[in-house]
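**Q** my_file_28.cif is reproduced below (mmCIF, C-alpha atoms, pLDDT in the B column; chains and numbers go by the auth columns).
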data_coords
#
loop_
_atom_site.group_PDB
_atom_site.id
_atom_site.type_symbol
_atom_site.label_atom_id
_atom_site.label_comp_id
_atom_site.label_asym_id
_atom_site.label_seq_id
_atom_site.Cartn_x
_atom_site.Cartn_y
_atom_site.Cartn_z
_atom_site.B_iso_or_equiv
_atom_site.auth_seq_id
_atom_site.auth_asym_id
ATOM 1 C CA MET A 1 -15.153 -9.099 -12.507 46.00 378 A
ATOM 2 C CA HIS A 2 -15.654 -11.032 -9.285 45.00 379 A
ATOM 3 C CA VAL A 3 -11.958 -11.937 -9.095 40.00 380 A
ATOM 4 C CA THR A 4 -10.949 -8.292 -9.581 45.00 381 A
ATOM 5 C CA ARG A 5 -13.198 -7.135 -6.735 45.00 382 A
ATOM 6 C CA LEU A 6 -11.764 -9.835 -4.504 40.00 383 A
ATOM 7 C CA ALA A 7 -8.200 -8.919 -5.433 42.00 384 A
ATOM 8 C CA LEU A 8 -8.782 -5.196 -4.857 43.00 385 A
ATOM 9 C CA GLY A 9 -10.501 -5.943 -1.566 44.00 386 A
ATOM 10 C CA ALA A 10 -7.658 -8.212 -0.514 41.00 387 A
ATOM 11 C CA VAL A 11 -5.053 -5.514 -1.185 45.00 388 A
ATOM 12 C CA VAL A 12 -7.057 -2.905 0.721 44.00 389 A
ATOM 13 C CA ALA A 13 -7.658 -5.226 3.685 44.00 390 A
ATOM 14 C CA CYS A 14 -4.032 -6.308 3.694 43.00 391 A
ATOM 15 C CA LEU A 15 -2.719 -2.737 3.770 48.00 392 A
ATOM 16 C CA ALA A 16 -4.994 -1.818 6.655 45.00 393 A
ATOM 17 C CA ALA A 17 -4.285 -4.997 8.607 42.00 394 A
ATOM 18 C CA LEU A 18 -0.542 -4.700 8.178 44.00 395 A
ATOM 19 C CA LEU A 19 -0.458 -1.194 9.550 44.00 396 A
ATOM 20 C CA VAL A 20 -2.658 -2.171 12.473 43.00 397 A
ATOM 21 C CA VAL A 21 -0.307 -5.044 13.287 41.00 398 A
ATOM 22 C CA SER A 22 2.685 -2.753 12.839 44.00 399 A
ATOM 23 C CA GLY A 23 1.074 -0.291 15.224 43.00 400 A
ATOM 24 C CA CYS A 24 0.577 -2.807 17.978 41.00 401 A
ATOM 25 C CA GLY A 25 2.847 -2.692 20.977 41.00 402 A
ATOM 26 C CA SER A 26 3.665 -0.565 23.902 40.00 403 A
ATOM 27 C CA THR A 27 3.457 3.167 23.450 42.00 404 A
ATOM 28 C CA ASP A 28 5.886 3.777 26.300 44.00 405 A
ATOM 29 C CA LYS A 29 8.873 3.007 24.061 50.00 406 A
ATOM 30 C CA ASN A 30 11.097 5.955 23.358 67.00 407 A
ATOM 31 C CA THR A 31 10.440 7.376 19.952 74.00 408 A
ATOM 32 C CA THR A 32 11.170 10.673 18.294 80.00 409 A
ATOM 33 C CA PRO A 33 8.643 13.199 16.982 88.00 410 A
ATOM 34 C CA GLN A 34 10.216 12.636 13.544 88.00 411 A
ATOM 35 C CA ALA A 35 9.365 8.911 13.769 88.00 412 A
ATOM 36 C CA VAL A 36 5.763 9.722 14.680 90.00 413 A
ATOM 37 C CA THR A 37 5.538 12.171 11.764 91.00 414 A
ATOM 38 C CA TRP A 38 6.965 9.476 9.489 90.00 415 A
ATOM 39 C CA ALA A 39 4.451 6.886 10.703 88.00 416 A
ATOM 40 C CA ASP A 40 1.660 9.430 10.301 91.00 417 A
ATOM 41 C CA GLY A 41 2.730 10.017 6.685 92.00 418 A
ATOM 42 C CA VAL A 42 2.817 6.288 5.952 88.00 419 A
ATOM 43 C CA CYS A 43 -0.614 5.698 7.531 87.00 420 A
ATOM 44 C CA SER A 44 -2.113 8.696 5.773 90.00 421 A
ATOM 45 C CA ALA A 45 -0.808 7.393 2.432 89.00 422 A
ATOM 46 C CA VAL A 46 -2.257 3.946 3.125 83.00 423 A
ATOM 47 C CA THR A 47 -5.636 5.458 4.052 85.00 424 A
ATOM 48 C CA THR A 48 -5.731 7.429 0.799 89.00 425 A
ATOM 49 C CA TYR A 49 -4.608 4.408 -1.249 81.00 426 A
ATOM 50 C CA LYS A 50 -7.160 2.203 0.468 81.00 427 A
ATOM 51 C CA SER A 51 -9.924 4.678 -0.376 84.00 428 A
ATOM 52 C CA ALA A 52 -8.867 4.932 -4.033 84.00 429 A
ATOM 53 C CA LEU A 53 -8.775 1.155 -4.455 77.00 430 A
ATOM 54 C CA GLY A 54 -12.149 0.881 -2.736 77.00 431 A
ATOM 55 C CA ASP A 55 -13.609 3.416 -5.152 81.00 432 A
ATOM 56 C CA THR A 56 -12.214 1.419 -8.078 76.00 433 A
ATOM 57 C CA ALA A 57 -13.652 -1.824 -6.703 70.00 434 A
ATOM 58 C CA ALA A 58 -17.057 -0.152 -6.321 74.00 435 A
ATOM 59 C CA THR A 59 -16.884 1.004 -9.935 73.00 436 A
ATOM 60 C CA LEU A 60 -16.138 -2.516 -11.124 65.00 437 A
ATOM 61 C CA LYS A 61 -19.025 -3.886 -9.048 67.00 438 A
ATOM 62 C CA GLY A 62 -21.432 -1.333 -10.440 63.00 439 A
ATOM 63 C CA GLY A 63 -21.796 -2.330 -14.065 58.00 440 A
ATOM 64 C CA SER A 64 -20.708 -4.226 -17.105 65.00 441 A
ATOM 65 C CA LEU A 65 -17.074 -4.870 -17.774 72.00 442 A
ATOM 66 C CA SER A 66 -16.690 -3.133 -21.093 77.00 443 A
ATOM 67 C CA LYS A 67 -13.199 -2.501 -22.340 77.00 444 A
ATOM 68 C CA SER A 68 -13.729 1.179 -21.480 81.00 445 A
ATOM 69 C CA ALA A 69 -14.762 0.383 -17.895 80.00 446 A
ATOM 70 C CA VAL A 70 -11.734 -1.871 -17.402 80.00 447 A
ATOM 71 C CA HIS A 71 -9.470 0.788 -18.924 82.00 448 A
ATOM 72 C CA ASP A 72 -10.863 3.432 -16.538 84.00 449 A
ATOM 73 C CA ALA A 73 -10.401 1.104 -13.555 82.00 450 A
ATOM 74 C CA VAL A 74 -6.826 0.388 -14.572 84.00 451 A
ATOM 75 C CA LYS A 75 -6.118 4.114 -14.935 88.00 452 A
ATOM 76 C CA SER A 76 -7.552 4.682 -11.471 89.00 453 A
ATOM 77 C CA VAL A 77 -5.369 1.961 -9.926 86.00 454 A
ATOM 78 C CA GLN A 78 -2.318 3.308 -11.754 89.00 455 A
ATOM 79 C CA SER A 79 -2.951 6.878 -10.586 92.00 456 A
ATOM 80 C CA ALA A 80 -3.532 5.783 -6.985 90.00 457 A
ATOM 81 C CA THR A 81 -0.360 3.694 -7.092 92.00 458 A
ATOM 82 C CA GLN A 82 1.672 6.620 -8.448 92.00 459 A
ATOM 83 C CA ASP A 83 0.396 8.884 -5.679 94.00 460 A
ATOM 84 C CA PHE A 84 0.957 6.219 -3.013 90.00 461 A
ATOM 85 C CA THR A 85 4.481 5.359 -4.114 91.00 462 A
ATOM 86 C CA ALA A 86 5.449 9.034 -4.432 91.00 463 A
ATOM 87 C CA THR A 87 4.294 9.585 -0.860 92.00 464 A
ATOM 88 C CA LEU A 88 6.204 6.516 0.365 88.00 465 A
ATOM 89 C CA ARG A 89 9.341 7.911 -1.244 85.00 466 A
ATOM 90 C CA ASP A 90 8.734 11.390 0.174 89.00 467 A
ATOM 91 C CA VAL A 91 8.187 10.448 3.824 89.00 468 A
ATOM 92 C CA GLY A 92 11.919 10.183 4.360 86.00 469 A
ATOM 93 C CA ARG A 93 13.464 8.315 7.261 86.00 470 A
ATOM 94 C CA PRO A 94 11.543 7.622 10.455 87.00 471 A
ATOM 95 C CA GLY A 95 14.235 8.975 12.784 81.00 472 A
ATOM 96 C CA THR A 96 14.802 5.626 14.476 85.00 473 A
ATOM 97 C CA THR A 97 17.783 3.344 14.833 83.00 474 A
ATOM 98 C CA ALA A 98 16.558 1.382 11.820 85.00 475 A
ATOM 99 C CA GLY A 99 15.564 4.498 9.864 87.00 476 A
ATOM 100 C CA ALA A 100 17.740 3.941 6.807 89.00 477 A
ATOM 101 C CA GLN A 101 16.559 0.351 6.519 90.00 478 A
ATOM 102 C CA ALA A 102 12.911 1.386 6.924 90.00 479 A
ATOM 103 C CA LYS A 103 13.306 3.998 4.176 90.00 480 A
ATOM 104 C CA ALA A 104 14.993 1.455 1.888 92.00 481 A
ATOM 105 C CA THR A 105 12.158 -1.008 2.539 91.00 482 A
ATOM 106 C CA LEU A 106 9.493 1.537 1.588 91.00 483 A
ATOM 107 C CA ASP A 107 11.491 2.646 -1.457 92.00 484 A
ATOM 108 C CA GLY A 108 11.718 -0.990 -2.571 93.00 485 A
ATOM 109 C CA LEU A 109 7.966 -1.428 -2.060 90.00 486 A
ATOM 110 C CA ALA A 110 7.277 1.731 -4.054 92.00 487 A
ATOM 111 C CA SER A 111 9.432 0.456 -6.910 93.00 488 A
ATOM 112 C CA ASP A 112 7.687 -2.931 -6.906 94.00 489 A
ATOM 113 C CA LEU A 113 4.217 -1.342 -6.889 90.00 490 A
ATOM 114 C CA GLN A 114 5.177 0.957 -9.794 91.00 491 A
ATOM 115 C CA LYS A 115 6.219 -2.112 -11.809 94.00 492 A
ATOM 116 C CA ASP A 116 2.911 -3.751 -10.914 90.00 493 A
ATOM 117 C CA ALA A 117 0.995 -0.669 -12.080 89.00 494 A
ATOM 118 C CA GLN A 118 2.912 -0.771 -15.365 92.00 495 A
ATOM 119 C CA THR A 119 1.987 -4.441 -15.832 91.00 496 A
ATOM 120 C CA ILE A 120 -1.663 -3.605 -15.179 86.00 497 A
ATOM 121 C CA ARG A 121 -1.543 -0.674 -17.610 87.00 498 A
ATOM 122 C CA GLU A 122 -0.026 -2.834 -20.335 90.00 499 A
ATOM 123 C CA SER A 123 -2.810 -5.384 -19.853 86.00 500 A
ATOM 124 C CA THR A 124 -5.353 -2.995 -21.362 83.00 501 A
ATOM 125 C CA SER A 125 -3.954 -3.577 -24.851 85.00 502 A
ATOM 126 C CA GLY A 126 -5.692 -6.964 -24.936 81.00 503 A
ATOM 127 C CA SER A 127 -9.261 -8.001 -24.277 81.00 504 A
ATOM 128 C CA ALA A 128 -11.240 -6.860 -21.246 78.00 505 A
ATOM 129 C CA LEU A 129 -11.184 -10.417 -19.882 77.00 506 A
ATOM 130 C CA SER A 130 -7.399 -10.569 -20.258 81.00 507 A
ATOM 131 C CA ALA A 131 -7.015 -7.190 -18.537 80.00 508 A
ATOM 132 C CA VAL A 132 -9.172 -8.335 -15.627 74.00 509 A
ATOM 133 C CA SER A 133 -7.120 -11.521 -15.303 75.00 510 A
ATOM 134 C CA VAL A 134 -3.770 -9.705 -15.388 83.00 511 A
ATOM 135 C CA THR A 135 -5.040 -7.034 -12.995 76.00 512 A
ATOM 136 C CA SER A 136 -6.283 -9.617 -10.502 72.00 513 A
ATOM 137 C CA THR A 137 -3.045 -11.583 -10.581 79.00 514 A
ATOM 138 C CA THR A 138 -0.911 -8.459 -10.312 81.00 515 A
ATOM 139 C CA LEU A 139 -2.921 -7.109 -7.382 75.00 516 A
ATOM 140 C CA LEU A 140 -2.365 -10.404 -5.560 76.00 517 A
ATOM 141 C CA THR A 141 1.360 -10.014 -6.235 84.00 518 A
ATOM 142 C CA ALA A 142 1.192 -6.462 -4.874 82.00 519 A
ATOM 143 C CA ARG A 143 -0.516 -7.771 -1.747 76.00 520 A
ATOM 144 C CA SER A 144 2.396 -10.163 -1.175 83.00 521 A
ATOM 145 C CA GLN A 145 4.882 -7.349 -1.735 85.00 522 A
ATOM 146 C CA VAL A 146 3.138 -5.133 0.828 78.00 523 A
ATOM 147 C CA THR A 147 3.050 -7.994 3.333 76.00 524 A
ATOM 148 C CA ALA A 148 6.751 -8.685 2.846 85.00 525 A
ATOM 149 C CA ALA A 149 7.655 -4.992 3.209 82.00 526 A
ATOM 150 C CA PHE A 150 5.781 -4.576 6.479 72.00 527 A
ATOM 151 C CA ASP A 151 7.111 -7.888 7.819 76.00 528 A
ATOM 152 C CA LYS A 152 10.578 -6.531 7.084 82.00 529 A
ATOM 153 C CA LEU A 153 9.776 -3.216 8.826 74.00 530 A
ATOM 154 C CA THR A 154 8.714 -4.959 12.007 68.00 531 A
ATOM 155 C CA ALA A 155 11.701 -7.344 11.933 75.00 532 A
ATOM 156 C CA LEU A 156 14.277 -4.564 11.662 78.00 533 A
ATOM 157 C CA ASP A 157 12.981 -2.631 14.676 74.00 534 A
ATOM 158 C CA PRO A 158 14.615 -4.327 17.658 63.00 535 A
ATOM 159 C CA LYS A 159 13.908 -1.450 20.080 68.00 536 A
ATOM 160 C CA GLY A 160 10.241 -1.152 19.135 80.00 537 A
ATOM 161 C CA GLU A 161 10.616 2.478 18.021 84.00 538 A
ATOM 162 C CA LEU A 162 8.619 1.951 14.833 84.00 539 A
ATOM 163 C CA HIS A 163 5.871 0.192 16.768 81.00 540 A
ATOM 164 C CA ALA A 164 5.672 3.106 19.170 83.00 541 A
ATOM 165 C CA ALA A 165 5.649 5.630 16.314 85.00 542 A
ATOM 166 C CA PHE A 166 2.756 3.831 14.591 82.00 543 A
ATOM 167 C CA SER A 167 0.885 3.716 17.909 84.00 544 A
ATOM 168 C CA LYS A 168 1.309 7.449 18.491 89.00 545 A
ATOM 169 C CA ALA A 169 0.573 8.659 14.951 89.00 546 A
ATOM 170 C CA ALA A 170 -2.908 10.174 14.655 92.00 547 A
ATOM 171 C CA SER A 171 -3.657 8.904 11.133 90.00 548 A
ATOM 172 C CA CYS A 172 -2.820 5.332 12.144 85.00 549 A
ATOM 173 C CA SER A 173 -5.728 5.214 14.596 85.00 550 A
ATOM 174 C CA SER A 174 -8.217 5.385 11.714 79.00 551 A
ATOM 175 C CA LEU A 175 -6.599 2.270 10.222 72.00 552 A
ATOM 176 C CA GLU A 176 -7.030 0.413 13.494 63.00 553 A
ATOM 177 C CA ALA A 177 -10.770 1.077 13.299 58.00 554 A
ATOM 178 C CA SER A 178 -11.068 -0.323 9.748 56.00 555 A
#
Go through the file and emit its structure as structure tokens.
**A**
Amino acid sequence: MHVTRLALGAVVACLAALLVVSGCGSTDKNTTPQAVTWADGVCSAVTTYKSALGDTAATLKGGSLSKSAVHDAVKSVQSATQDFTATLRDVGRPGTTAGAQAKATLDGLASDLQKDAQTIRESTSGSALSAVSVTSTTLLTARSQVTAAFDKLTALDPKGELHAAFSKAASCSSLEAS
């Protein structure tokens, strides 16, 4: 139970921190309104995902780890991941020089997170302890995947357009405060 809370917390903190880092930089860079809308969509999706994972972590903290409780937590993570990855796929291109690459990066992340959610779902067929172990390990893998995706986003933006878009997007400011 303790490991699961730590893993969920790590994923949530990582998502927030990565977007804050991605948002750093000068806001005087030229960027398009489409890029700002894109960044806003990404940040909004992360905020929603962060909240859902936080709710799941709170549920796991709150009581015994019966098979039913673990199953419900896994369903919650799977649902949040489906919503998050669908949003990542739907945000389109950011309207920057590296737009196609940014879209491909987020699509790849969405695919990886869907596979992770499937692994977590399949873990519920065993014992509660096994499901907690698989979930914890898989969430740590997801954390690494998110880190790699956002590292790639920042590396492929030589003009700083994505940085400027994240800085200007309204929903990204709430991530900076977390």
**Q** Pick out the closest residue to Asp489 of chain A from this set: A:Val523, A:Ala508, A:Cys549, A:Ala435. Count all atoms listed in the file.
**A**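 Of the candidates, the smallest distance to Asp489 of chain A is held by A:Val523.
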**Q** Name all residues at most 12 Å from Gly503 of chain A (count all atoms listed in the file; drop same-chain ones fewer than 4 positions away) and give them as a ChimeraX atom specification.
**A** /A:444-445,447-448,497-499,507-512
**Q** I'd like to know which of A:Gln495, A:Thr473, A:Thr462, A:Thr515 is closest to Pro410 of chain A, using all atoms listed in the file.
**A**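 Closest residue, counting all atoms listed in the file: A:Thr473.
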**Q** Please return as a PyMOL selection string every residue within 12 Å of (-10.8, 7.0, 2.2), taking into account all atoms listed in the file and the file's own coordinates.
**A** chain A and resi 389+393+420-433+457+548+551-552+555
**Q** Quick one: residues within 10 Å of Leu530 of chain A, only C-alpha atoms, excluding same-chain residues fewer than 3 positions away - as a PDB file with C-alpha atoms, keeping the file's coordinate frame?
**A**
ATOM      1  CA  SER A 399       2.685  -2.753  12.839  1.00 44.00           C
ATOM      2  CA  ALA A 475      16.558   1.382  11.820  1.00 85.00           C
ATOM      3  CA  GLY A 476      15.564   4.498   9.864  1.00 87.00           C
ATOM      4  CA  GLN A 478      16.559   0.351   6.519  1.00 90.00           C
ATOM      5  CA  ALA A 479      12.911   1.386   6.924  1.00 90.00           C
ATOM      6  CA  LYS A 480      13.306   3.998   4.176  1.00 90.00           C
ATOM      7  CA  ALA A 481      14.993   1.455   1.888  1.00 92.00           C
ATOM      8  CA  THR A 482      12.158  -1.008   2.539  1.00 91.00           C
ATOM      9  CA  LEU A 483       9.493   1.537   1.588  1.00 91.00           C
ATOM     10  CA  THR A 524       3.050  -7.994   3.333  1.00 76.00           C
ATOM     11  CA  ALA A 525       6.751  -8.685   2.846  1.00 85.00           C
ATOM     12  CA  ALA A 526       7.655  -4.992   3.209  1.00 82.00           C
ATOM     13  CA  PHE A 527       5.781  -4.576   6.479  1.00 72.00           C
ATOM     14  CA  LEU A 533      14.277  -4.564  11.662  1.00 78.00           C
ATOM     15  CA  ASP A 534      12.981  -2.631  14.676  1.00 74.00           C
ATOM     16  CA  LEU A 539       8.619   1.951  14.833  1.00 84.00           C
ATOM     17  CA  HIS A 540       5.871   0.192  16.768  1.00 81.00           C
TER      18      HIS A 540
END
**Q** Calculate how many Å separate atom CA of Thr501 of chain A from atom CA of Gly485 of chain A, rounding to one decimal.
**A**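 Going from atom CA of Thr501 of chain A over to atom CA of Gly485 of chain A covers 25.5 Å.
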**Q** One number please: atom CA of Glu538 of chain A to atom CA of Thr408 of chain A, in Å, one decimal.
**A** 5.3 Å
**Q** Quick one: residues within 8 Å of segment 491-494 of chain A, only C-alpha atoms counted, chain neighbours fewer than 4 positions away excluded, as a PyMOL selection string?
**A** chain A and resi 454-455+458-459+462+487+498+515-516+518-519
**Q** How would the residues just picked look written out with C-alpha atoms as a PDB file, in the frame of the given file?
**A**
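Below you can see out_3.pdb, which holds the result:
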ATOM      1  CA  VAL A 454      -5.369   1.961  -9.926  1.00 86.00           C
ATOM      2  CA  GLN A 455      -2.318   3.308 -11.754  1.00 89.00           C
ATOM      3  CA  THR A 458      -0.360   3.694  -7.092  1.00 92.00           C
ATOM      4  CA  GLN A 459       1.672   6.620  -8.448  1.00 92.00           C
ATOM      5  CA  THR A 462       4.481   5.359  -4.114  1.00 91.00           C
ATOM      6  CA  ALA A 487       7.277   1.731  -4.054  1.00 92.00           C
ATOM      7  CA  ARG A 498      -1.543  -0.674 -17.610  1.00 87.00           C
ATOM      8  CA  THR A 515      -0.911  -8.459 -10.312  1.00 81.00           C
ATOM      9  CA  LEU A 516      -2.921  -7.109  -7.382  1.00 75.00           C
ATOM     10  CA  THR A 518       1.360 -10.014  -6.235  1.00 84.00           C
ATOM     11  CA  ALA A 519       1.192  -6.462  -4.874  1.00 82.00           C
TER      12      ALA A 519
END
